[in-house]
$ cat entry31.cif   # mmCIF, N, CA and C atoms
data_run
loop_
_atom_site.label_atom_id
_atom_site.label_comp_id
_atom_site.auth_asym_id
_atom_site.auth_seq_id
_atom_site.Cartn_x
_atom_site.Cartn_y
_atom_site.Cartn_z
N MET A 21 14.07 33.76 10.53
CA MET A 21 13.62 33.13 9.29
C MET A 21 12.63 32.01 9.61
N SER A 22 11.64 31.93 8.80
CA SER A 22 10.57 30.95 9.01
C SER A 22 11.04 29.55 8.61
N GLN A 23 10.55 28.55 9.35
CA GLN A 23 10.94 27.17 9.04
C GLN A 23 10.27 26.71 7.76
N LYS A 24 10.90 25.77 7.07
CA LYS A 24 10.32 25.22 5.84
C LYS A 24 9.51 23.98 6.19
N VAL A 25 8.42 23.79 5.46
CA VAL A 25 7.53 22.67 5.67
C VAL A 25 7.40 21.94 4.34
N LYS A 26 7.36 20.61 4.42
CA LYS A 26 7.24 19.81 3.20
C LYS A 26 5.78 19.72 2.80
N VAL A 27 5.50 20.02 1.50
CA VAL A 27 4.18 19.76 0.93
C VAL A 27 4.36 18.67 -0.11
N ILE A 28 3.45 17.70 -0.11
CA ILE A 28 3.59 16.51 -0.94
C ILE A 28 2.40 16.42 -1.90
N ASN A 29 2.70 16.10 -3.16
CA ASN A 29 1.64 15.83 -4.13
C ASN A 29 0.94 14.55 -3.68
N ASN A 30 -0.33 14.65 -3.40
CA ASN A 30 -1.09 13.56 -2.81
C ASN A 30 -1.95 12.82 -3.83
N ILE A 31 -1.88 13.22 -5.11
CA ILE A 31 -2.73 12.60 -6.13
C ILE A 31 -1.88 12.00 -7.25
N HIS A 32 -2.51 11.24 -8.12
CA HIS A 32 -1.80 10.50 -9.16
C HIS A 32 -1.38 11.35 -10.37
N SER A 33 -1.81 12.59 -10.43
CA SER A 33 -1.41 13.44 -11.55
C SER A 33 -0.56 14.61 -11.05
N ALA A 34 -0.05 15.39 -11.97
CA ALA A 34 0.77 16.54 -11.62
C ALA A 34 -0.07 17.60 -10.90
N VAL A 35 0.58 18.33 -10.00
CA VAL A 35 -0.07 19.42 -9.28
C VAL A 35 0.81 20.66 -9.42
N GLY A 36 0.19 21.76 -9.81
CA GLY A 36 0.91 23.03 -9.88
C GLY A 36 0.32 23.99 -8.87
N PHE A 37 1.18 24.81 -8.29
CA PHE A 37 0.70 25.80 -7.32
C PHE A 37 1.62 26.99 -7.31
N LEU A 38 1.07 28.14 -6.91
CA LEU A 38 1.84 29.38 -6.81
C LEU A 38 2.23 29.60 -5.35
N LEU A 39 3.44 30.09 -5.15
CA LEU A 39 3.91 30.40 -3.79
C LEU A 39 3.57 31.84 -3.41
N ASN A 40 3.29 32.67 -4.40
CA ASN A 40 2.89 34.06 -4.18
C ASN A 40 2.21 34.52 -5.47
N PRO A 41 1.73 35.77 -5.53
CA PRO A 41 0.96 36.19 -6.71
C PRO A 41 1.75 36.24 -8.03
N ASN A 42 3.05 36.10 -8.01
CA ASN A 42 3.84 36.19 -9.24
C ASN A 42 3.85 34.88 -10.01
N PRO A 43 3.60 34.93 -11.33
CA PRO A 43 3.60 33.70 -12.13
C PRO A 43 4.93 32.93 -12.05
N GLU A 44 6.02 33.66 -11.81
CA GLU A 44 7.34 32.99 -11.72
C GLU A 44 7.43 32.07 -10.51
N SER A 45 6.51 32.20 -9.55
CA SER A 45 6.56 31.38 -8.34
C SER A 45 5.89 30.02 -8.53
N LEU A 46 5.44 29.72 -9.76
CA LEU A 46 4.76 28.45 -10.02
C LEU A 46 5.69 27.28 -9.75
N LYS A 47 5.22 26.33 -8.96
CA LYS A 47 5.94 25.08 -8.70
C LYS A 47 5.05 23.94 -9.18
N VAL A 48 5.65 22.94 -9.78
CA VAL A 48 4.90 21.79 -10.26
C VAL A 48 5.49 20.53 -9.64
N LEU A 49 4.63 19.75 -9.02
CA LEU A 49 5.04 18.44 -8.51
C LEU A 49 4.48 17.43 -9.51
N PRO A 50 5.36 16.78 -10.29
CA PRO A 50 4.92 16.02 -11.46
C PRO A 50 4.14 14.74 -11.19
N LYS A 51 4.30 14.14 -10.02
CA LYS A 51 3.57 12.89 -9.77
C LYS A 51 3.36 12.71 -8.28
N GLN A 52 2.49 11.75 -7.95
CA GLN A 52 2.17 11.47 -6.56
C GLN A 52 3.43 11.13 -5.79
N GLY A 53 3.58 11.73 -4.61
CA GLY A 53 4.73 11.46 -3.75
C GLY A 53 5.86 12.47 -3.88
N THR A 54 5.86 13.27 -4.96
CA THR A 54 6.89 14.29 -5.08
C THR A 54 6.57 15.42 -4.11
N PHE A 55 7.61 16.13 -3.67
CA PHE A 55 7.39 17.14 -2.64
C PHE A 55 8.25 18.37 -2.88
N TYR A 56 7.94 19.42 -2.13
CA TYR A 56 8.67 20.68 -2.19
C TYR A 56 8.63 21.29 -0.80
N HIS A 57 9.70 21.95 -0.40
CA HIS A 57 9.75 22.61 0.91
C HIS A 57 9.35 24.07 0.74
N VAL A 58 8.37 24.50 1.55
CA VAL A 58 7.87 25.88 1.48
C VAL A 58 7.87 26.49 2.88
N THR A 59 7.82 27.82 2.92
CA THR A 59 7.75 28.50 4.21
C THR A 59 6.30 28.48 4.69
N GLU A 60 6.09 28.77 5.96
CA GLU A 60 4.72 28.83 6.48
C GLU A 60 3.93 29.95 5.81
N GLU A 61 4.60 31.05 5.45
CA GLU A 61 3.91 32.14 4.74
C GLU A 61 3.42 31.64 3.39
N GLU A 62 4.25 30.85 2.70
CA GLU A 62 3.84 30.31 1.40
C GLU A 62 2.68 29.31 1.57
N ILE A 63 2.72 28.53 2.65
CA ILE A 63 1.61 27.61 2.93
C ILE A 63 0.33 28.41 3.13
N ASP A 64 0.41 29.50 3.90
CA ASP A 64 -0.77 30.34 4.10
C ASP A 64 -1.31 30.84 2.77
N TYR A 65 -0.39 31.26 1.87
CA TYR A 65 -0.82 31.76 0.55
C TYR A 65 -1.53 30.65 -0.24
N ILE A 66 -0.94 29.46 -0.27
CA ILE A 66 -1.55 28.33 -0.98
C ILE A 66 -2.92 28.01 -0.38
N HIS A 67 -2.98 27.98 0.94
CA HIS A 67 -4.21 27.62 1.66
C HIS A 67 -5.32 28.62 1.38
N ILE A 68 -5.00 29.89 1.41
CA ILE A 68 -6.01 30.94 1.25
C ILE A 68 -6.44 31.08 -0.21
N ASN A 69 -5.51 30.96 -1.15
CA ASN A 69 -5.79 31.31 -2.53
C ASN A 69 -6.00 30.15 -3.50
N GLN A 70 -5.62 28.92 -3.12
CA GLN A 70 -5.62 27.88 -4.14
C GLN A 70 -6.41 26.63 -3.80
N ASN A 71 -6.91 26.48 -2.60
CA ASN A 71 -7.80 25.38 -2.25
C ASN A 71 -7.21 23.99 -2.49
N LEU A 72 -5.89 23.87 -2.56
CA LEU A 72 -5.25 22.57 -2.80
C LEU A 72 -5.03 21.80 -1.51
N ILE A 73 -4.85 22.51 -0.42
CA ILE A 73 -4.59 21.86 0.87
C ILE A 73 -5.91 21.36 1.46
N GLN A 74 -6.95 22.21 1.45
CA GLN A 74 -8.25 21.83 2.02
C GLN A 74 -8.90 20.69 1.26
N THR A 75 -8.55 20.51 -0.01
CA THR A 75 -9.16 19.45 -0.80
C THR A 75 -8.32 18.19 -0.82
N GLY A 76 -7.19 18.19 -0.10
CA GLY A 76 -6.38 16.99 0.00
C GLY A 76 -5.44 16.74 -1.17
N VAL A 77 -5.37 17.67 -2.11
CA VAL A 77 -4.49 17.51 -3.27
C VAL A 77 -3.03 17.64 -2.83
N LEU A 78 -2.75 18.62 -1.97
CA LEU A 78 -1.42 18.78 -1.37
C LEU A 78 -1.49 18.37 0.09
N TRP A 79 -0.57 17.54 0.52
CA TRP A 79 -0.49 17.11 1.92
C TRP A 79 0.59 17.94 2.61
N VAL A 80 0.24 18.57 3.72
CA VAL A 80 1.19 19.34 4.52
C VAL A 80 1.79 18.37 5.54
N ASP A 81 3.09 18.14 5.43
CA ASP A 81 3.75 17.13 6.24
C ASP A 81 4.26 17.70 7.57
N ASP A 82 3.37 18.41 8.27
CA ASP A 82 3.71 18.98 9.57
C ASP A 82 2.42 19.12 10.37
N LYS A 83 2.31 18.33 11.43
CA LYS A 83 1.07 18.30 12.21
C LYS A 83 0.73 19.67 12.78
N ASP A 84 1.71 20.40 13.32
CA ASP A 84 1.44 21.71 13.91
C ASP A 84 0.83 22.66 12.88
N VAL A 85 1.34 22.61 11.66
CA VAL A 85 0.80 23.48 10.61
C VAL A 85 -0.61 23.03 10.23
N ARG A 86 -0.84 21.71 10.15
CA ARG A 86 -2.19 21.22 9.84
C ARG A 86 -3.19 21.66 10.92
N VAL A 87 -2.76 21.63 12.18
CA VAL A 87 -3.62 22.08 13.28
C VAL A 87 -3.90 23.58 13.12
N LYS A 88 -2.85 24.36 12.84
CA LYS A 88 -3.00 25.81 12.66
C LYS A 88 -3.97 26.14 11.52
N LEU A 89 -3.94 25.33 10.47
CA LEU A 89 -4.82 25.55 9.32
C LEU A 89 -6.24 25.03 9.56
N GLY A 90 -6.44 24.36 10.71
CA GLY A 90 -7.76 23.85 11.03
C GLY A 90 -8.11 22.54 10.35
N LEU A 91 -7.10 21.80 9.87
CA LEU A 91 -7.34 20.53 9.19
C LEU A 91 -7.47 19.36 10.17
N GLU A 92 -6.89 19.53 11.36
CA GLU A 92 -7.02 18.51 12.40
C GLU A 92 -6.85 19.15 13.76
N THR A 93 -7.24 18.40 14.79
CA THR A 93 -7.14 18.90 16.16
C THR A 93 -5.74 18.58 16.70
N PRO A 94 -5.36 19.21 17.81
CA PRO A 94 -4.07 18.87 18.42
C PRO A 94 -3.96 17.39 18.80
N GLU A 95 -5.10 16.73 18.99
CA GLU A 95 -5.10 15.31 19.34
C GLU A 95 -4.97 14.42 18.10
N GLY A 96 -4.95 15.04 16.93
CA GLY A 96 -4.79 14.28 15.70
C GLY A 96 -6.10 13.87 15.04
N GLU A 97 -7.24 14.36 15.57
CA GLU A 97 -8.53 14.05 14.94
C GLU A 97 -8.70 14.92 13.70
N LYS A 98 -9.19 14.33 12.62
CA LYS A 98 -9.40 15.08 11.39
C LYS A 98 -10.62 15.99 11.53
N THR A 99 -10.48 17.23 11.09
CA THR A 99 -11.62 18.14 11.04
C THR A 99 -12.07 18.31 9.59
N ASN A 100 -11.25 17.85 8.66
CA ASN A 100 -11.59 17.90 7.24
C ASN A 100 -11.36 16.49 6.69
N GLN A 101 -12.44 15.77 6.41
CA GLN A 101 -12.34 14.36 6.00
C GLN A 101 -11.73 14.19 4.61
N ASN A 102 -11.63 15.28 3.84
CA ASN A 102 -11.04 15.21 2.51
C ASN A 102 -9.51 15.14 2.56
N VAL A 103 -8.94 15.50 3.70
CA VAL A 103 -7.49 15.57 3.80
C VAL A 103 -6.96 14.23 4.31
N LEU A 104 -6.62 13.38 3.34
CA LEU A 104 -6.08 12.05 3.64
C LEU A 104 -4.74 11.89 2.94
N ARG A 105 -3.76 11.36 3.62
CA ARG A 105 -2.50 11.00 2.97
C ARG A 105 -2.76 9.84 2.02
N HIS A 106 -1.98 9.75 0.97
CA HIS A 106 -2.08 8.63 0.03
C HIS A 106 -2.02 7.31 0.79
N GLU A 107 -1.12 7.23 1.76
CA GLU A 107 -0.96 5.99 2.55
C GLU A 107 -2.23 5.65 3.32
N GLU A 108 -2.96 6.68 3.78
CA GLU A 108 -4.22 6.43 4.49
C GLU A 108 -5.27 5.83 3.56
N ILE A 109 -5.27 6.27 2.31
CA ILE A 109 -6.21 5.71 1.33
C ILE A 109 -5.86 4.23 1.09
N VAL A 110 -4.57 3.94 0.95
CA VAL A 110 -4.13 2.54 0.77
C VAL A 110 -4.59 1.70 1.96
N GLU A 111 -4.36 2.20 3.18
CA GLU A 111 -4.76 1.47 4.40
C GLU A 111 -6.26 1.23 4.45
N LEU A 112 -7.04 2.25 4.08
CA LEU A 112 -8.50 2.10 4.10
C LEU A 112 -8.95 1.03 3.10
N ILE A 113 -8.35 1.03 1.92
CA ILE A 113 -8.74 0.04 0.90
C ILE A 113 -8.30 -1.36 1.30
N GLN A 114 -7.14 -1.46 1.94
CA GLN A 114 -6.66 -2.78 2.35
C GLN A 114 -7.32 -3.28 3.63
N GLY A 115 -7.97 -2.38 4.34
CA GLY A 115 -8.56 -2.73 5.64
C GLY A 115 -9.99 -3.21 5.55
N ASN A 116 -10.71 -2.99 6.63
CA ASN A 116 -12.09 -3.43 6.79
C ASN A 116 -13.01 -2.64 5.85
N TYR A 117 -13.90 -3.34 5.14
CA TYR A 117 -14.76 -2.63 4.18
C TYR A 117 -15.73 -1.67 4.86
N LYS A 118 -16.10 -1.93 6.12
CA LYS A 118 -17.01 -1.02 6.84
C LYS A 118 -16.31 0.32 7.10
N LYS A 119 -15.02 0.27 7.48
CA LYS A 119 -14.26 1.52 7.69
C LYS A 119 -14.11 2.27 6.38
N LEU A 120 -13.88 1.52 5.30
CA LEU A 120 -13.76 2.13 3.97
C LEU A 120 -15.07 2.84 3.62
N GLU A 121 -16.18 2.18 3.84
CA GLU A 121 -17.50 2.74 3.53
C GLU A 121 -17.76 4.00 4.35
N LYS A 122 -17.42 3.95 5.64
CA LYS A 122 -17.63 5.11 6.51
C LYS A 122 -16.77 6.30 6.05
N ALA A 123 -15.47 6.02 5.77
CA ALA A 123 -14.57 7.09 5.34
C ALA A 123 -15.06 7.72 4.03
N LEU A 124 -15.42 6.88 3.08
CA LEU A 124 -15.88 7.40 1.79
C LEU A 124 -17.18 8.19 1.92
N SER A 125 -18.02 7.81 2.85
CA SER A 125 -19.30 8.51 3.01
C SER A 125 -19.07 9.95 3.51
N GLU A 126 -17.93 10.21 4.15
CA GLU A 126 -17.65 11.54 4.71
C GLU A 126 -16.87 12.44 3.75
N ILE A 127 -16.38 11.85 2.65
CA ILE A 127 -15.55 12.62 1.71
C ILE A 127 -16.45 13.30 0.69
N THR A 128 -16.20 14.59 0.47
CA THR A 128 -17.01 15.36 -0.47
C THR A 128 -16.22 15.79 -1.70
N GLU A 129 -14.92 15.65 -1.66
CA GLU A 129 -14.06 16.17 -2.72
C GLU A 129 -13.83 15.11 -3.80
N ASN A 130 -14.27 15.39 -5.04
CA ASN A 130 -14.14 14.43 -6.13
C ASN A 130 -12.70 14.01 -6.39
N THR A 131 -11.75 14.93 -6.27
CA THR A 131 -10.35 14.60 -6.51
C THR A 131 -9.89 13.48 -5.59
N ILE A 132 -10.34 13.51 -4.34
CA ILE A 132 -9.93 12.48 -3.38
C ILE A 132 -10.69 11.19 -3.65
N ILE A 133 -11.96 11.28 -4.00
CA ILE A 133 -12.72 10.08 -4.35
C ILE A 133 -12.03 9.36 -5.52
N LEU A 134 -11.56 10.13 -6.49
CA LEU A 134 -10.85 9.53 -7.63
C LEU A 134 -9.57 8.82 -7.19
N GLN A 135 -8.95 9.30 -6.12
CA GLN A 135 -7.74 8.63 -5.63
C GLN A 135 -8.07 7.23 -5.12
N PHE A 136 -9.26 7.05 -4.57
CA PHE A 136 -9.67 5.71 -4.14
C PHE A 136 -9.78 4.78 -5.35
N VAL A 137 -10.30 5.30 -6.46
CA VAL A 137 -10.39 4.50 -7.69
C VAL A 137 -8.99 4.13 -8.17
N GLU A 138 -8.09 5.12 -8.22
CA GLU A 138 -6.71 4.88 -8.69
C GLU A 138 -6.00 3.86 -7.81
N VAL A 139 -6.11 4.02 -6.50
CA VAL A 139 -5.43 3.11 -5.58
C VAL A 139 -6.03 1.70 -5.69
N ALA A 140 -7.35 1.60 -5.81
CA ALA A 140 -7.98 0.29 -5.97
C ALA A 140 -7.46 -0.40 -7.22
N ARG A 141 -7.28 0.35 -8.29
CA ARG A 141 -6.72 -0.21 -9.52
C ARG A 141 -5.28 -0.67 -9.29
N GLU A 142 -4.50 0.22 -8.66
CA GLU A 142 -3.09 -0.09 -8.37
C GLU A 142 -2.96 -1.39 -7.57
N LEU A 143 -3.80 -1.51 -6.55
CA LEU A 143 -3.74 -2.66 -5.65
C LEU A 143 -4.45 -3.90 -6.22
N LYS A 144 -5.10 -3.72 -7.38
CA LYS A 144 -5.87 -4.81 -8.00
C LYS A 144 -6.83 -5.45 -6.99
N VAL A 145 -7.61 -4.58 -6.36
CA VAL A 145 -8.56 -5.01 -5.33
C VAL A 145 -9.49 -6.08 -5.90
N ASP A 146 -9.66 -7.17 -5.15
CA ASP A 146 -10.54 -8.23 -5.64
C ASP A 146 -11.75 -8.46 -4.73
N SER A 147 -11.95 -7.58 -3.77
CA SER A 147 -13.11 -7.69 -2.88
C SER A 147 -14.30 -7.02 -3.55
N LYS A 148 -15.33 -7.80 -3.86
CA LYS A 148 -16.53 -7.25 -4.52
C LYS A 148 -17.15 -6.16 -3.65
N ALA A 149 -17.19 -6.37 -2.33
CA ALA A 149 -17.78 -5.37 -1.43
C ALA A 149 -17.04 -4.04 -1.54
N LYS A 150 -15.71 -4.08 -1.50
CA LYS A 150 -14.92 -2.84 -1.58
C LYS A 150 -15.06 -2.18 -2.95
N ILE A 151 -15.03 -2.98 -4.00
CA ILE A 151 -15.20 -2.44 -5.35
C ILE A 151 -16.57 -1.76 -5.47
N ASP A 152 -17.62 -2.41 -4.97
CA ASP A 152 -18.96 -1.84 -5.03
C ASP A 152 -19.05 -0.51 -4.27
N ILE A 153 -18.42 -0.46 -3.11
CA ILE A 153 -18.44 0.77 -2.28
C ILE A 153 -17.76 1.92 -3.04
N ILE A 154 -16.58 1.65 -3.58
CA ILE A 154 -15.81 2.69 -4.28
C ILE A 154 -16.54 3.11 -5.57
N GLU A 155 -17.05 2.13 -6.32
CA GLU A 155 -17.75 2.45 -7.57
C GLU A 155 -19.03 3.23 -7.31
N ALA A 156 -19.75 2.88 -6.25
CA ALA A 156 -20.99 3.60 -5.92
C ALA A 156 -20.70 5.06 -5.60
N LYS A 157 -19.64 5.31 -4.85
CA LYS A 157 -19.31 6.69 -4.46
C LYS A 157 -18.74 7.47 -5.65
N SER A 158 -17.86 6.84 -6.43
CA SER A 158 -17.18 7.55 -7.51
C SER A 158 -17.98 7.58 -8.81
N LYS A 159 -18.90 6.63 -8.96
CA LYS A 159 -19.65 6.45 -10.21
C LYS A 159 -18.71 6.14 -11.38
N ILE A 160 -17.59 5.48 -11.05
CA ILE A 160 -16.59 5.08 -12.05
C ILE A 160 -16.33 3.58 -11.89
N LYS A 161 -16.27 2.86 -13.01
CA LYS A 161 -15.92 1.45 -12.95
C LYS A 161 -14.43 1.34 -12.66
N ILE A 162 -14.07 0.55 -11.66
CA ILE A 162 -12.66 0.37 -11.33
C ILE A 162 -11.98 -0.51 -12.38
N PHE A 163 -12.62 -1.59 -12.71
CA PHE A 163 -12.07 -2.50 -13.71
C PHE A 163 -13.12 -2.67 -14.80
N GLU A 164 -12.68 -2.57 -16.04
CA GLU A 164 -13.58 -2.83 -17.15
C GLU A 164 -13.88 -4.32 -17.15
N ASP A 165 -15.10 -4.67 -17.44
CA ASP A 165 -15.45 -6.10 -17.50
C ASP A 165 -14.69 -6.74 -18.66
N GLU A 166 -13.99 -7.80 -18.35
CA GLU A 166 -13.23 -8.49 -19.39
C GLU A 166 -14.11 -9.53 -20.05
N GLU A 167 -14.10 -9.51 -21.36
CA GLU A 167 -14.95 -10.45 -22.13
C GLU A 167 -14.24 -11.77 -22.23
#

$ encode --input "entry31.cif" --output "structure tokens"
Amino acid sequence: MSQKVKVINNIHSAVGFLLNPNPESLKVLPKQGTFYHVTEEEIDYIHINQNLIQTGVLWVDDKDVRVKLGLETPEGEKTNQNVLRHEEIVELIQGNYKKLEKALSEITENTIILQFVEVARELKVDSKAKIDIIEAKSKIKIFEDEE
């Protein structure tokens, strides 16, 4: 029997995915941080048919499986810059603005760019440099100007 791997909802909204072609296999993770255990065969199905793993919407919580899917190298280097854990986004926003700028410049997936906006709001970021970097990439105002 194949081992189960945890997949985690990596975004602020609900995520639904199919484990196989049958509609009855639909699983919904209602909010960021919720997870479900799936087999490697089910991960392959999600990866091939639903584009949720490659776009960083679902986080695969198993390094060996991420390596097998081509998302990172055995040394832990990312091969897909869109695949960031929620915690990595928090660290980037709380860290050096140059690292934040570099990371955001490599991300192509709008869903993940939006997570930077959500996390910046959550953290109530007050660094003008970081806000400018995130707003420039996302084209979304993080905080409405208060009158």

$ resolve_selection --input "entry31.cif" --expression "the PyMOL selection byres (((chain A and resi 25 and name CA) around 9) and name CA)" --output "VMD selection string"
chain A and resid 23 to 24 26 to 27 56 to 60 63 80 to 82 85

$ closest_residue --input "entry31.cif" --among "A:Asp84, A:Thr93, A:Gln101, A:Glu107" --to "Asn30 in chain A" --atoms "only N, CA and C atoms"
A:Glu107

$ select_by_dssp --input "entry31.cif" --residues "range 31-160 of chain A" --states "strand (DSSP E)" --output "list in words"
Val35, Gly36, Phe37, Leu38, Leu46, Lys47, Val48, Leu49, Phe55, Tyr56, His57, Val58, Thr59, Leu78, Trp79 and Val80 of chain A

$ atom_distance --input "entry31.cif" --atom1 "CA of Val145 in chain A" --atom2 "CA of Gly96 in chain A"
28.8 Å

$ closest_residue --input "entry31.cif" --among "A:Leu91, A:Ile109, A:Ile28, A:Ile132" --to "Thr75 in chain A" --atoms "all atoms listed in the file"
A:Ile132

$ build_atoms --input "entry31.cif" --residues "range 106-115 of chain A" --atoms "all heavy atoms" --output "short mmCIF file (atom, residue, chain, number, x, y, z; two decimals), in the frame of the given file"
data_model
loop_
_atom_site.label_atom_id
_atom_site.label_comp_id
_atom_site.auth_asym_id
_atom_site.auth_seq_id
_atom_site.Cartn_x
_atom_site.Cartn_y
_atom_site.Cartn_z
N HIS A 106 -1.98 9.75 0.97
CA HIS A 106 -2.08 8.63 0.03
C HIS A 106 -2.02 7.31 0.79
O HIS A 106 -2.79 6.39 0.52
CB HIS A 106 -0.94 8.74 -1.00
CG HIS A 106 -0.90 7.59 -1.95
ND1 HIS A 106 -1.79 7.47 -2.99
CD2 HIS A 106 -0.10 6.51 -2.01
CE1 HIS A 106 -1.53 6.35 -3.65
NE2 HIS A 106 -0.51 5.76 -3.08
N GLU A 107 -1.12 7.23 1.76
CA GLU A 107 -0.96 5.99 2.55
C GLU A 107 -2.23 5.65 3.32
O GLU A 107 -2.54 4.48 3.53
CB GLU A 107 0.23 6.10 3.52
CG GLU A 107 1.58 6.19 2.85
CD GLU A 107 1.90 7.57 2.27
OE1 GLU A 107 1.23 8.57 2.61
OE2 GLU A 107 2.84 7.65 1.45
N GLU A 108 -2.96 6.68 3.78
CA GLU A 108 -4.22 6.43 4.49
C GLU A 108 -5.27 5.83 3.56
O GLU A 108 -6.05 4.97 3.97
CB GLU A 108 -4.76 7.73 5.10
CG GLU A 108 -3.95 8.24 6.27
CD GLU A 108 -4.46 9.57 6.78
OE1 GLU A 108 -4.32 10.58 6.07
OE2 GLU A 108 -5.01 9.59 7.90
N ILE A 109 -5.27 6.27 2.31
CA ILE A 109 -6.21 5.71 1.33
C ILE A 109 -5.86 4.23 1.09
O ILE A 109 -6.75 3.38 1.08
CB ILE A 109 -6.18 6.53 0.02
CG1 ILE A 109 -6.71 7.94 0.29
CG2 ILE A 109 -6.98 5.82 -1.08
CD1 ILE A 109 -6.56 8.91 -0.87
N VAL A 110 -4.57 3.94 0.95
CA VAL A 110 -4.13 2.54 0.77
C VAL A 110 -4.59 1.70 1.96
O VAL A 110 -5.16 0.62 1.79
CB VAL A 110 -2.60 2.47 0.60
CG1 VAL A 110 -2.10 1.02 0.65
CG2 VAL A 110 -2.16 3.13 -0.71
N GLU A 111 -4.36 2.20 3.18
CA GLU A 111 -4.76 1.47 4.40
C GLU A 111 -6.26 1.23 4.45
O GLU A 111 -6.71 0.15 4.82
CB GLU A 111 -4.32 2.23 5.65
CG GLU A 111 -2.84 2.20 5.92
CD GLU A 111 -2.40 3.17 7.01
OE1 GLU A 111 -3.26 3.62 7.82
OE2 GLU A 111 -1.20 3.50 7.04
N LEU A 112 -7.04 2.25 4.08
CA LEU A 112 -8.50 2.10 4.10
C LEU A 112 -8.95 1.03 3.10
O LEU A 112 -9.81 0.22 3.41
CB LEU A 112 -9.18 3.44 3.77
CG LEU A 112 -9.24 4.44 4.92
CD1 LEU A 112 -9.60 5.83 4.41
CD2 LEU A 112 -10.24 3.98 5.98
N ILE A 113 -8.35 1.03 1.92
CA ILE A 113 -8.74 0.04 0.90
C ILE A 113 -8.30 -1.36 1.30
O ILE A 113 -9.01 -2.33 1.07
CB ILE A 113 -8.20 0.46 -0.49
CG1 ILE A 113 -8.96 1.71 -0.96
CG2 ILE A 113 -8.33 -0.68 -1.50
CD1 ILE A 113 -8.45 2.31 -2.24
N GLN A 114 -7.14 -1.46 1.94
CA GLN A 114 -6.66 -2.78 2.35
C GLN A 114 -7.32 -3.28 3.63
O GLN A 114 -7.26 -4.45 3.95
CB GLN A 114 -5.14 -2.75 2.55
CG GLN A 114 -4.38 -2.61 1.24
CD GLN A 114 -2.89 -2.51 1.44
OE1 GLN A 114 -2.41 -2.01 2.47
NE2 GLN A 114 -2.14 -2.95 0.45
N GLY A 115 -7.97 -2.38 4.34
CA GLY A 115 -8.56 -2.73 5.64
C GLY A 115 -9.99 -3.21 5.55
O GLY A 115 -10.45 -3.72 4.53
#
